[in-house]
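Structure file coords-v7.txt; described as compact mmCIF, C-alpha atoms.
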```txt
# COMPACT_ATOMS: atom_id res chain seq x y z
CA MET Q 678 4.85 21.34 -4.83
CA LYS Q 679 2.44 24.01 -3.71
CA ALA Q 680 -0.69 21.83 -3.47
CA LEU Q 681 1.17 19.47 -1.14
CA GLU Q 682 2.58 22.26 1.02
CA ASN Q 683 -0.89 23.74 1.41
CA LYS Q 684 -2.30 20.35 2.36
CA ILE Q 685 0.44 19.89 4.96
CA LEU Q 686 -0.29 23.33 6.44
CA GLU Q 687 -4.04 22.66 6.50
CA GLU Q 688 -4.10 19.08 7.76
CA GLY Q 689 -0.67 18.11 9.08
CA ILE Q 690 -0.39 17.64 12.82
CA VAL Q 691 2.93 18.19 14.58
CA LEU Q 692 3.71 15.90 17.51
CA GLY Q 693 6.71 16.87 19.60
CA ASN Q 694 9.50 18.52 17.64
CA ASP Q 695 10.00 16.08 14.84
CA ILE Q 696 6.91 14.02 14.08
CA LEU Q 697 4.49 15.19 11.43
CA LYS Q 698 1.23 13.27 11.11
CA VAL Q 699 -0.25 13.34 7.63
CA ASP Q 700 -2.81 10.60 8.22
CA SER Q 701 -5.60 12.49 6.54
CA PHE Q 702 -4.12 12.40 3.04
CA LEU Q 703 -1.03 10.19 2.84
CA ASN Q 704 -0.48 7.64 5.61
CA HIS Q 705 -3.86 6.28 6.54
CA GLN Q 706 -6.44 8.02 4.38
CA ILE Q 707 -5.21 8.61 0.84
CA ASP Q 708 -6.32 11.74 -0.99
CA VAL Q 709 -6.66 10.31 -4.46
CA GLU Q 710 -6.54 13.62 -6.32
CA LEU Q 711 -3.37 14.69 -4.50
CA ILE Q 712 -1.69 11.31 -4.92
CA ASP Q 713 -2.28 11.51 -8.67
CA LYS Q 714 -0.59 14.90 -8.77
CA ILE Q 715 2.30 13.50 -6.74
CA GLY Q 716 2.72 10.64 -9.22
CA GLU Q 717 2.62 13.06 -12.14
CA GLU Q 718 5.24 15.29 -10.57
CA PHE Q 719 7.68 12.44 -9.84
CA ALA Q 720 7.16 10.90 -13.27
CA ASN Q 721 7.85 14.21 -14.93
CA TYR Q 722 10.98 14.88 -12.88
CA PHE Q 723 12.52 11.44 -13.43
CA LYS Q 724 11.29 10.90 -16.99
CA ASP Q 725 14.79 10.92 -18.52
CA LYS Q 726 16.17 8.28 -16.14
CA ASN Q 727 14.92 5.32 -18.21
CA VAL Q 728 13.23 3.89 -15.15
CA ASP Q 729 12.56 0.15 -15.40
CA LYS Q 730 10.89 -0.30 -12.05
CA ILE Q 731 9.88 1.52 -8.91
CA LEU Q 732 10.85 0.36 -5.44
CA THR Q 733 9.17 1.48 -2.24
CA VAL Q 734 8.55 0.20 1.30
CA GLU Q 735 5.21 -0.95 2.71
CA SER Q 736 2.74 0.47 3.67
CA SER Q 737 2.78 4.22 3.28
CA GLY Q 738 5.09 4.22 0.28
CA ILE Q 739 2.75 2.13 -1.84
CA ALA Q 740 0.28 4.85 -2.88
CA PRO Q 741 2.80 7.44 -4.14
CA ALA Q 742 4.90 4.67 -5.73
CA LEU Q 743 1.91 3.24 -7.58
CA ALA Q 744 0.78 6.67 -8.76
CA THR Q 745 4.27 7.30 -10.16
CA ALA Q 746 4.46 3.83 -11.72
CA GLN Q 747 1.16 4.45 -13.51
CA ARG Q 748 2.50 7.65 -15.05
CA LEU Q 749 5.81 6.08 -16.08
CA GLY Q 750 4.17 2.88 -17.33
CA VAL Q 751 6.39 0.59 -15.23
CA ASN Q 752 5.73 -1.92 -12.46
CA CYS Q 753 6.43 -1.29 -8.83
CA VAL Q 754 7.73 -3.43 -6.01
CA PHE Q 755 7.17 -2.82 -2.34
CA ALA Q 756 9.75 -4.07 0.13
CA ARG Q 757 8.25 -5.96 3.05
CA LYS Q 758 9.17 -4.99 6.59
CA LYS Q 759 9.83 -7.67 9.17
CA GLN Q 760 11.00 -7.34 12.71
CA SER Q 761 12.91 -10.60 12.65
CA LEU Q 762 15.91 -11.53 10.57
CA THR Q 763 14.83 -13.77 7.74
CA THR Q 764 17.31 -16.08 6.13
CA ASP Q 765 16.16 -17.21 2.75
CA GLU Q 766 18.44 -17.47 -0.24
CA ASN Q 767 15.67 -16.21 -2.52
CA ILE Q 768 15.46 -12.77 -0.97
CA TYR Q 769 17.56 -9.66 -0.65
CA HIS Q 770 17.44 -8.08 2.75
CA SER Q 771 18.80 -5.09 4.58
CA SER Q 772 18.51 -3.96 8.20
CA VAL Q 773 17.18 -0.47 8.87
CA TYR Q 774 16.51 1.35 12.10
CA SER Q 775 13.29 3.30 12.47
CA PHE Q 776 13.92 6.37 14.62
CA THR Q 777 10.17 7.10 14.79
CA LYS Q 778 9.22 3.68 16.07
CA GLN Q 779 12.59 2.89 17.67
CA VAL Q 780 12.72 -0.60 16.24
CA MET Q 781 15.03 -2.41 13.87
CA ASN Q 782 13.28 -3.56 10.72
CA GLU Q 783 14.44 -5.95 8.09
CA LEU Q 784 13.57 -4.84 4.53
CA ILE Q 785 12.91 -7.79 2.28
CA VAL Q 786 12.62 -8.05 -1.50
CA SER Q 787 12.32 -11.24 -3.48
CA LYS Q 788 15.29 -11.73 -5.82
CA LYS Q 789 12.89 -12.37 -8.68
CA PHE Q 790 11.70 -8.81 -8.83
CA ILE Q 791 14.88 -6.76 -9.11
CA ASN Q 792 17.20 -7.73 -11.90
CA GLU Q 793 20.79 -6.95 -12.77
CA GLY Q 794 21.17 -3.80 -14.82
CA GLU Q 795 17.68 -2.45 -14.20
CA ASN Q 796 17.20 1.24 -13.46
CA ILE Q 797 15.32 1.49 -10.18
CA LEU Q 798 13.58 4.63 -8.96
CA MET Q 799 12.92 4.72 -5.22
CA ILE Q 800 9.79 6.44 -3.92
CA ASP Q 801 8.92 6.94 -0.28
CA ASP Q 802 6.52 9.00 1.80
CA PHE Q 803 9.10 10.48 4.20
CA LEU Q 804 12.82 11.17 4.27
CA ALA Q 805 14.42 12.02 7.60
CA ASN Q 806 17.49 10.04 8.59
CA GLY Q 807 17.61 8.20 5.29
CA GLN Q 808 17.44 4.76 6.86
CA ALA Q 809 14.72 3.34 4.60
CA ALA Q 810 16.41 4.79 1.51
CA LYS Q 811 19.76 3.32 2.57
CA GLY Q 812 18.06 -0.04 2.96
CA MET Q 813 16.52 0.18 -0.49
CA ILE Q 814 19.83 1.24 -2.03
CA ALA Q 815 21.59 -1.72 -0.38
CA ILE Q 816 19.02 -4.10 -1.87
CA ILE Q 817 19.24 -2.51 -5.34
CA ARG Q 818 23.04 -2.89 -5.23
CA GLN Q 819 22.84 -6.50 -4.03
CA ALA Q 820 20.83 -7.15 -7.20
CA GLY Q 821 23.39 -5.42 -9.41
CA ALA Q 822 20.73 -2.89 -10.41
CA ASN Q 823 21.10 0.91 -10.60
CA PRO Q 824 19.49 3.28 -8.10
CA VAL Q 825 18.72 6.14 -10.50
CA GLY Q 826 16.89 8.43 -8.13
CA CYS Q 827 14.93 8.91 -4.98
CA GLY Q 828 11.53 10.63 -4.96
CA ILE Q 829 10.30 11.74 -1.55
CA VAL Q 830 6.90 13.16 -0.74
CA ILE Q 831 7.92 14.94 2.48
CA GLU Q 832 11.52 15.61 3.48
CA LYS Q 833 12.56 16.70 6.93
CA SER Q 834 15.46 18.75 5.72
CA PHE Q 835 16.67 19.35 9.28
CA SER Q 836 17.76 15.69 9.30
CA ASN Q 837 20.67 14.29 7.35
CA GLY Q 838 18.91 11.83 5.04
CA ARG Q 839 19.38 13.84 1.82
CA GLN Q 840 23.10 14.18 2.46
CA ILE Q 841 23.51 10.42 2.90
CA ILE Q 842 21.80 9.66 -0.41
CA GLU Q 843 23.42 12.48 -2.39
CA ASP Q 844 26.83 11.36 -1.12
CA MET Q 845 26.19 8.16 -3.07
CA ASP Q 846 25.58 10.25 -6.22
CA ILE Q 847 21.89 9.46 -6.25
CA PRO Q 848 19.62 12.43 -7.02
CA VAL Q 849 16.92 13.22 -4.46
CA TYR Q 850 13.73 15.03 -5.37
CA SER Q 851 11.39 16.00 -2.54
CA LEU Q 852 7.98 17.53 -3.11
CA ALA Q 853 7.89 19.31 0.24
CA ARG Q 854 10.96 20.18 2.31
CA ILE Q 855 10.38 20.99 5.91
CA ALA Q 856 13.04 23.16 7.53
CA LYS Q 857 11.43 23.43 10.94
CA LEU Q 858 8.75 21.57 12.80
CA GLU Q 859 7.27 22.83 16.04
CA PRO Q 860 3.85 22.35 17.60
CA GLY Q 861 1.56 24.62 15.63
CA LYS Q 862 4.33 25.69 13.25
CA ILE Q 863 5.60 24.14 10.04
CA VAL Q 864 8.25 26.02 8.10
CA PHE Q 865 9.20 24.97 4.56
CA GLU Q 866 12.58 25.51 2.93
CA GLU Q 867 12.69 28.58 0.73
CA ASN Q 868 12.83 27.61 -2.93
CA MET E 1249 -11.98 -11.35 -15.16
CA LYS E 1250 -10.13 -13.23 -17.83
CA ALA E 1251 -6.90 -11.21 -17.77
CA LEU E 1252 -6.58 -11.88 -14.04
CA GLU E 1253 -7.34 -15.59 -14.35
CA ASN E 1254 -4.70 -15.90 -17.04
CA LYS E 1255 -2.17 -14.08 -14.90
CA ILE E 1256 -2.93 -16.39 -11.96
CA LEU E 1257 -2.46 -19.45 -14.17
CA GLU E 1258 0.80 -18.11 -15.60
CA GLU E 1259 2.43 -16.72 -12.47
CA GLY E 1260 0.57 -17.96 -9.39
CA ILE E 1261 2.40 -20.45 -7.20
CA VAL E 1262 0.47 -22.94 -5.09
CA LEU E 1263 1.95 -23.80 -1.70
CA GLY E 1264 0.31 -26.70 0.09
CA ASN E 1265 -3.40 -27.05 -0.56
CA ASP E 1266 -4.61 -23.60 0.21
CA ILE E 1267 -1.97 -20.95 -0.23
CA LEU E 1268 -1.67 -19.13 -3.54
CA LYS E 1269 1.32 -16.83 -3.97
CA VAL E 1270 0.71 -13.96 -6.35
CA ASP E 1271 3.80 -12.00 -5.43
CA SER E 1272 4.72 -11.25 -9.02
CA PHE E 1273 1.72 -9.04 -9.76
CA LEU E 1274 -0.33 -8.28 -6.63
CA ASN E 1275 1.32 -8.82 -3.25
CA HIS E 1276 4.90 -7.73 -3.60
CA GLN E 1277 5.44 -6.61 -7.18
CA ILE E 1278 2.44 -4.74 -8.58
CA ASP E 1279 1.59 -5.13 -12.24
CA VAL E 1280 0.43 -1.61 -12.95
CA GLU E 1281 -1.48 -2.41 -16.14
CA LEU E 1282 -3.39 -5.22 -14.45
CA ILE E 1283 -4.09 -3.20 -11.32
CA ASP E 1284 -5.62 -0.44 -13.46
CA LYS E 1285 -7.93 -2.98 -15.08
CA ILE E 1286 -8.87 -4.31 -11.64
CA GLY E 1287 -9.76 -0.80 -10.48
CA GLU E 1288 -11.81 -0.19 -13.60
CA GLU E 1289 -13.72 -3.44 -13.15
CA PHE E 1290 -14.57 -2.78 -9.49
CA ALA E 1291 -15.53 0.82 -10.19
CA ASN E 1292 -17.82 -0.25 -12.99
CA TYR E 1293 -19.47 -2.98 -10.93
CA PHE E 1294 -20.12 -0.79 -7.88
CA LYS E 1295 -20.83 2.47 -9.74
CA ASP E 1296 -24.49 2.63 -8.63
CA LYS E 1297 -23.70 2.24 -4.93
CA ASN E 1298 -22.98 5.95 -4.35
CA VAL E 1299 -19.65 5.09 -2.81
CA ASP E 1300 -18.27 7.82 -0.56
CA LYS E 1301 -15.04 6.11 0.43
CA ILE E 1302 -13.06 2.93 -0.01
CA LEU E 1303 -11.75 0.91 2.91
CA THR E 1304 -9.01 -1.69 2.67
CA VAL E 1305 -6.34 -3.29 4.86
CA GLU E 1306 -2.59 -2.72 4.61
CA SER E 1307 -0.45 -3.66 2.73
CA SER E 1308 -1.67 -5.79 -0.14
CA GLY E 1309 -5.11 -4.22 -0.30
CA ILE E 1310 -3.75 -0.73 -0.95
CA ALA E 1311 -2.97 -1.06 -4.68
CA PRO E 1312 -6.35 -2.47 -5.82
CA ALA E 1313 -8.17 -0.09 -3.43
CA LEU E 1314 -6.33 2.94 -4.78
CA ALA E 1315 -6.90 1.90 -8.41
CA THR E 1316 -10.64 1.61 -7.67
CA ALA E 1317 -10.71 4.91 -5.77
CA GLN E 1318 -9.09 6.66 -8.73
CA ARG E 1319 -11.82 5.41 -11.05
CA LEU E 1320 -14.64 6.29 -8.67
CA GLY E 1321 -13.12 9.65 -7.76
CA VAL E 1322 -13.25 9.02 -4.00
CA ASN E 1323 -10.64 8.79 -1.27
CA CYS E 1324 -9.48 5.56 0.27
CA VAL E 1325 -8.53 4.54 3.79
CA PHE E 1326 -6.32 1.64 4.70
CA ALA E 1327 -6.81 -0.03 8.07
CA ARG E 1328 -3.59 -0.56 9.98
CA LYS E 1329 -2.75 -3.98 11.35
CA LYS E 1330 -1.25 -4.31 14.80
CA GLN E 1331 -0.46 -7.38 16.78
CA SER E 1332 -1.21 -5.76 20.10
CA LEU E 1333 -4.49 -4.43 21.39
CA THR E 1334 -4.50 -0.67 21.18
CA THR E 1335 -6.77 1.31 23.42
CA ASP E 1336 -7.29 4.79 22.14
CA GLU E 1337 -10.62 6.53 22.14
CA ASN E 1338 -9.87 8.10 18.77
CA ILE E 1339 -9.78 4.84 16.86
CA TYR E 1340 -12.14 2.08 15.83
CA HIS E 1341 -10.68 -1.39 16.15
CA SER E 1342 -11.63 -4.96 15.51
CA SER E 1343 -9.79 -8.22 16.16
CA VAL E 1344 -9.28 -10.57 13.23
CA TYR E 1345 -7.54 -13.91 13.05
CA SER E 1346 -5.22 -14.58 10.13
CA PHE E 1347 -5.41 -18.26 9.19
CA THR E 1348 -2.48 -17.88 6.81
CA LYS E 1349 -0.15 -16.38 9.38
CA GLN E 1350 -1.86 -17.90 12.41
CA VAL E 1351 -1.80 -14.68 14.36
CA MET E 1352 -4.44 -12.42 15.81
CA ASN E 1353 -4.35 -8.95 14.31
CA GLU E 1354 -6.03 -5.81 15.45
CA LEU E 1355 -7.44 -3.71 12.59
CA ILE E 1356 -7.31 -0.03 13.38
CA VAL E 1357 -8.97 2.95 11.70
CA SER E 1358 -8.92 6.49 12.99
CA LYS E 1359 -12.43 7.72 13.81
CA LYS E 1360 -11.80 10.84 11.76
CA PHE E 1361 -11.84 8.98 8.47
CA ILE E 1362 -15.11 7.05 8.50
CA ASN E 1363 -18.20 9.09 9.16
CA GLU E 1364 -21.78 8.30 10.06
CA GLY E 1365 -23.98 7.67 7.04
CA GLU E 1366 -21.13 7.27 4.53
CA ASN E 1367 -21.33 4.51 1.95
CA ILE E 1368 -18.16 2.46 2.26
CA LEU E 1369 -16.91 0.04 -0.38
CA MET E 1370 -14.46 -2.57 0.92
CA ILE E 1371 -11.67 -3.77 -1.36
CA ASP E 1372 -9.20 -6.54 -0.54
CA ASP E 1373 -6.72 -8.74 -2.34
CA PHE E 1374 -7.96 -12.10 -1.00
CA LEU E 1375 -11.13 -13.54 0.47
CA ALA E 1376 -10.94 -16.92 2.18
CA ASN E 1377 -12.42 -17.17 5.67
CA GLY E 1378 -13.72 -13.62 5.56
CA GLN E 1379 -11.89 -12.52 8.69
CA ALA E 1380 -10.48 -9.29 7.28
CA ALA E 1381 -13.83 -8.41 5.70
CA LYS E 1382 -15.63 -9.10 8.99
CA GLY E 1383 -13.17 -6.81 10.74
CA MET E 1384 -13.76 -4.04 8.20
CA ILE E 1385 -17.54 -4.45 8.47
CA ALA E 1386 -17.34 -4.22 12.27
CA ILE E 1387 -15.41 -0.96 11.98
CA ILE E 1388 -17.81 0.49 9.39
CA ARG E 1389 -20.73 -0.34 11.68
CA GLN E 1390 -19.01 1.16 14.74
CA ALA E 1391 -18.84 4.37 12.73
CA GLY E 1392 -22.53 4.21 11.81
CA ALA E 1393 -21.55 4.03 8.14
CA ASN E 1394 -22.93 1.64 5.49
CA PRO E 1395 -20.92 -1.26 4.07
CA VAL E 1396 -22.29 -1.14 0.50
CA GLY E 1397 -20.17 -3.86 -1.05
CA CYS E 1398 -17.04 -5.93 -0.97
CA GLY E 1399 -14.72 -6.16 -3.98
CA ILE E 1400 -12.24 -9.03 -3.88
CA VAL E 1401 -9.41 -9.64 -6.31
CA ILE E 1402 -9.04 -13.38 -5.62
CA GLU E 1403 -11.63 -15.45 -3.79
CA LYS E 1404 -10.98 -18.93 -2.47
CA SER E 1405 -14.52 -20.10 -3.01
CA PHE E 1406 -13.81 -23.38 -1.21
CA SER E 1407 -13.71 -21.34 2.02
CA ASN E 1408 -16.75 -19.81 3.66
CA GLY E 1409 -15.88 -16.11 3.48
CA ARG E 1410 -18.44 -15.17 0.83
CA GLN E 1411 -21.23 -16.81 2.81
CA ILE E 1412 -20.36 -14.85 5.93
CA ILE E 1413 -20.48 -11.51 4.10
CA GLU E 1414 -23.56 -12.28 2.00
CA ASP E 1415 -25.40 -13.38 5.16
CA MET E 1416 -25.04 -9.76 6.26
CA ASP E 1417 -26.73 -8.66 3.01
CA ILE E 1418 -23.53 -7.16 1.66
CA PRO E 1419 -22.85 -7.91 -2.02
CA VAL E 1420 -19.52 -9.57 -2.83
CA TYR E 1421 -17.86 -9.23 -6.23
CA SER E 1422 -14.74 -11.31 -6.86
CA LEU E 1423 -12.66 -10.97 -10.01
CA ALA E 1424 -11.30 -14.53 -9.82
CA ARG E 1425 -12.98 -17.36 -7.92
CA ILE E 1426 -10.84 -20.36 -7.17
CA ALA E 1427 -12.72 -23.61 -6.64
CA LYS E 1428 -9.71 -25.84 -6.14
CA LEU E 1429 -6.07 -25.31 -5.33
CA GLU E 1430 -3.51 -28.08 -5.56
CA PRO E 1431 0.20 -28.00 -6.28
CA GLY E 1432 0.45 -27.41 -10.01
CA LYS E 1433 -3.30 -27.11 -10.40
CA ILE E 1434 -5.61 -24.12 -10.08
CA VAL E 1435 -9.28 -24.59 -10.94
CA PHE E 1436 -11.60 -21.61 -11.29
CA GLU E 1437 -15.34 -21.64 -10.66
CA GLU E 1438 -17.37 -22.02 -13.84
CA ASN E 1439 -19.11 -18.77 -14.71
```
Structure encoded using structure tokens:
Amino acid sequence: MKALENKILEEGIVLGNDILKVDSFLNHQIDVELIDKIGEEFANYFKDKNVDKILTVESSGIAPALATAQRLGVNCVFARKKQSLTTDENIYHSSVYSFTKQVMNELIVSKKFINEGENILMIDDFLANGQAAKGMIAIIRQAGANPVGCGIVIEKSFSNGRQIIEDMDIPVYSLARIAKLEPGKIVFEEN
Amino acid sequence: MKALENKILEEGIVLGNDILKVDSFLNHQIDVELIDKIGEEFANYFKDKNVDKILTVESSGIAPALATAQRLGVNCVFARKKQSLTTDENIYHSSVYSFTKQVMNELIVSKKFINEGENILMIDDFLANGQAAKGMIAIIRQAGANPVGCGIVIEKSFSNGRQIIEDMDIPVYSLARIAKLEPGKIVFEEN
């Protein structure tokens, strides 16, 4: 998505060799015009998947998930992150490791909000090692629902996240795919 | 807002005498149709305030803030919550106590995203003791910006939050005002 790639080039800040800060439009400040375009693009791409609900992870996933949900006319659920293991028979949970923050998080979704047989579209801000997506997929499967796709705003294609998800036969659609990240230099995958 | 009051009566769950769970449409699952109406209502109410930007707090404030930002055609910023004091000259921060979770949180906003002289509309999911709003106001003032209003989805009007904000001459607009909360019983303020 050209508008997103341009925004990343203009405002993205590279820290070290694998962290991209996009605080000015996605992760802290939300550019409302861009987020609407992101929602439109995901909704259009996944329109034939009979999506019943969207699943994302707090906090940065909420804006693109909501924008997509608005376009598809479905509700969205955001998984809560906790740093302690919660045992509660009313929730689905899954442990995921955050490489960026180097902590183990527990993803939590109330059993009430994902139902057997539903088609669930996952949306997230970043895909790198696929940990958050794996966690969401585990929760969707615990519920007996179907993970019908995974929409990613920014993919670090030099990591193995896409492979992990595609190996489970779940289609991945990323709006920007970054092949190389160096201080002062962001290289996108050729289309 | 009648549609919201009805939703609270149908799906809200009262825990103890002052906790209202609205996980099914606001805090965990987001009812997209309702959230759009919430955004429309806030945007309409605050339309003469020349709002430059919306400020909220992660995670539950993001959906109503974004829906309002879409209607007003402005960007929105969500303050990050941390449980440890962060010292970084590039951020504004403010300490707020969460009565619900009984923890001290640090609200954090990058200095880049709130500018001197801007008119900032605050949006949040709940108002009870006004701690989160006070934290946002402190940050807006640190930036030399103007807190032009505070839009609240659900106000616990038996707490003193509204008073605290109105004493600072900041208008508060709540879409549902709860006068009394008991297990099995939710009483709204008379209009």
For the interface of chain E with chain Q (cut-off 10 Å, counting all atoms listed in the file), please tabulate each contacting residue of chain E alongside its nearest pair of atoms and their separation in Å to one decimal, rows sorted by chain and increasing number, as a Markdown table.
```
| residue | atom | partner | partner_atom | distance |
| --- | --- | --- | --- | --- |
| E:Asp1271 | CA | Q:Ser787 | CA | 8.8 |
| E:Ser1272 | CA | Q:Phe790 | CA | 7.4 |
| E:Phe1273 | CA | Q:Asn752 | CA | 8.6 |
| E:Leu1274 | CA | Q:Val754 | CA | 9.4 |
| E:Asn1275 | CA | Q:Phe755 | CA | 8.4 |
| E:His1276 | CA | Q:Phe755 | CA | 5.6 |
| E:Gln1277 | CA | Q:Val754 | CA | 4.1 |
| E:Ile1278 | CA | Q:Cys753 | CA | 5.3 |
| E:Asp1279 | CA | Q:Asn752 | CA | 5.2 |
| E:Val1280 | CA | Q:Asn752 | CA | 5.3 |
| E:Glu1281 | CA | Q:Gln747 | CA | 7.8 |
| E:Leu1282 | CA | Q:Asn752 | CA | 9.9 |
| E:Ile1283 | CA | Q:Gln747 | CA | 9.5 |
| E:Asp1284 | CA | Q:Gln747 | CA | 8.4 |
| E:Lys1301 | CA | Q:Gln706 | CA | 9.7 |
| E:Ile1302 | CA | Q:Gln706 | CA | 9.4 |
| E:Leu1303 | CA | Q:Gln706 | CA | 9.0 |
| E:Val1305 | CA | Q:Ser736 | CA | 9.9 |
| E:Glu1306 | CA | Q:Ser736 | CA | 6.3 |
| E:Ser1307 | CA | Q:Ser736 | CA | 5.3 |
| E:Ser1308 | CA | Q:Ser736 | CA | 8.6 |
| E:Gly1309 | CA | Q:Ser736 | CA | 10.0 |
| E:Ile1310 | CA | Q:Ala740 | CA | 7.1 |
| E:Ala1311 | CA | Q:Ala740 | CA | 7.0 |
| E:Ala1313 | CA | Q:Ala740 | CA | 9.8 |
| E:Leu1314 | CA | Q:Ala740 | CA | 7.1 |
| E:Ala1315 | CA | Q:Leu743 | CA | 8.9 |
| E:Ala1317 | CA | Q:Val709 | CA | 6.9 |
| E:Gln1318 | CA | Q:Val709 | CA | 6.1 |
| E:Arg1319 | CA | Q:Val709 | CA | 9.7 |
| E:Leu1320 | CA | Q:Val709 | CA | 9.9 |
| E:Gly1321 | CA | Q:Val709 | CA | 7.3 |
| E:Val1322 | CA | Q:Val709 | CA | 6.7 |
| E:Asn1323 | CA | Q:Asp708 | CA | 5.2 |
| E:Cys1324 | CA | Q:Ile707 | CA | 5.3 |
| E:Val1325 | CA | Q:Gln706 | CA | 4.1 |
| E:Phe1326 | CA | Q:His705 | CA | 5.6 |
| E:Ala1327 | CA | Q:His705 | CA | 7.1 |
| E:Arg1328 | CA | Q:His705 | CA | 7.7 |
| E:Ile1356 | CA | Q:His705 | CA | 9.9 |
| E:Val1357 | CA | Q:His705 | CA | 8.0 |
| E:Ser1358 | CA | Q:His705 | CA | 8.2 |
| E:Lys1360 | CA | Q:Ser701 | CA | 8.3 |
| E:Phe1361 | CA | Q:Gln706 | CA | 6.8 |
| E:Ile1362 | CA | Q:Gln706 | CA | 9.6 |
```
Enclosing box along x, y and z for every listed atom of segment 813-818 of chain Q, padded 4 Å each side, centre and size in Å, one decimal, as lines of an AutoDock Vina configuration file:
```
center_x = 19.8
center_y = -1.4
center_z = -2.9
size_x = 14.5
size_y = 13.3
size_z = 13.0
```
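Using all atoms listed in the file, the shortest contact distance between Gln779 of chain Q and any of Q:Gln819, Q:Asn837, Q:Gln808, Q:Asn727 is found at Q:Gln808.
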Original post:
Which value, in Å to one decimal, gives the distance between atom CA of Gly1392 of chain E and atom CA of Asp1415 of chain E?
Top reply: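 The value is 19.0 Å.
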Subject >> Nearby residues (only C-alpha atoms) at most 9 Å from Lys759 of chain Q, same-chain spacing under 6 positions excluded, as a ChimeraX atom specification >> reply: /Q:781-785
**OP:** Could you jot down the atom CA of Cys827 of chain Q to atom CA of Asn806 of chain Q separation for me, Å, one decimal place?
**Re:** 13.9 Å
**OP:** For Phe803 of chain Q, work out the shell of residues within 10 Å, counting all atoms listed in the file and skipping chain neighbours fewer than 4 positions away, then give it as a list in words.
**Re:**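 Non-adjacent residues within range: Leu697, Ser737, Gly738, Gly807, Ala809, Ala810, Gly828, Ile829, Val830, Ile831, Glu832, Lys833, Gly838, Ser851 and Ala853 of chain Q.
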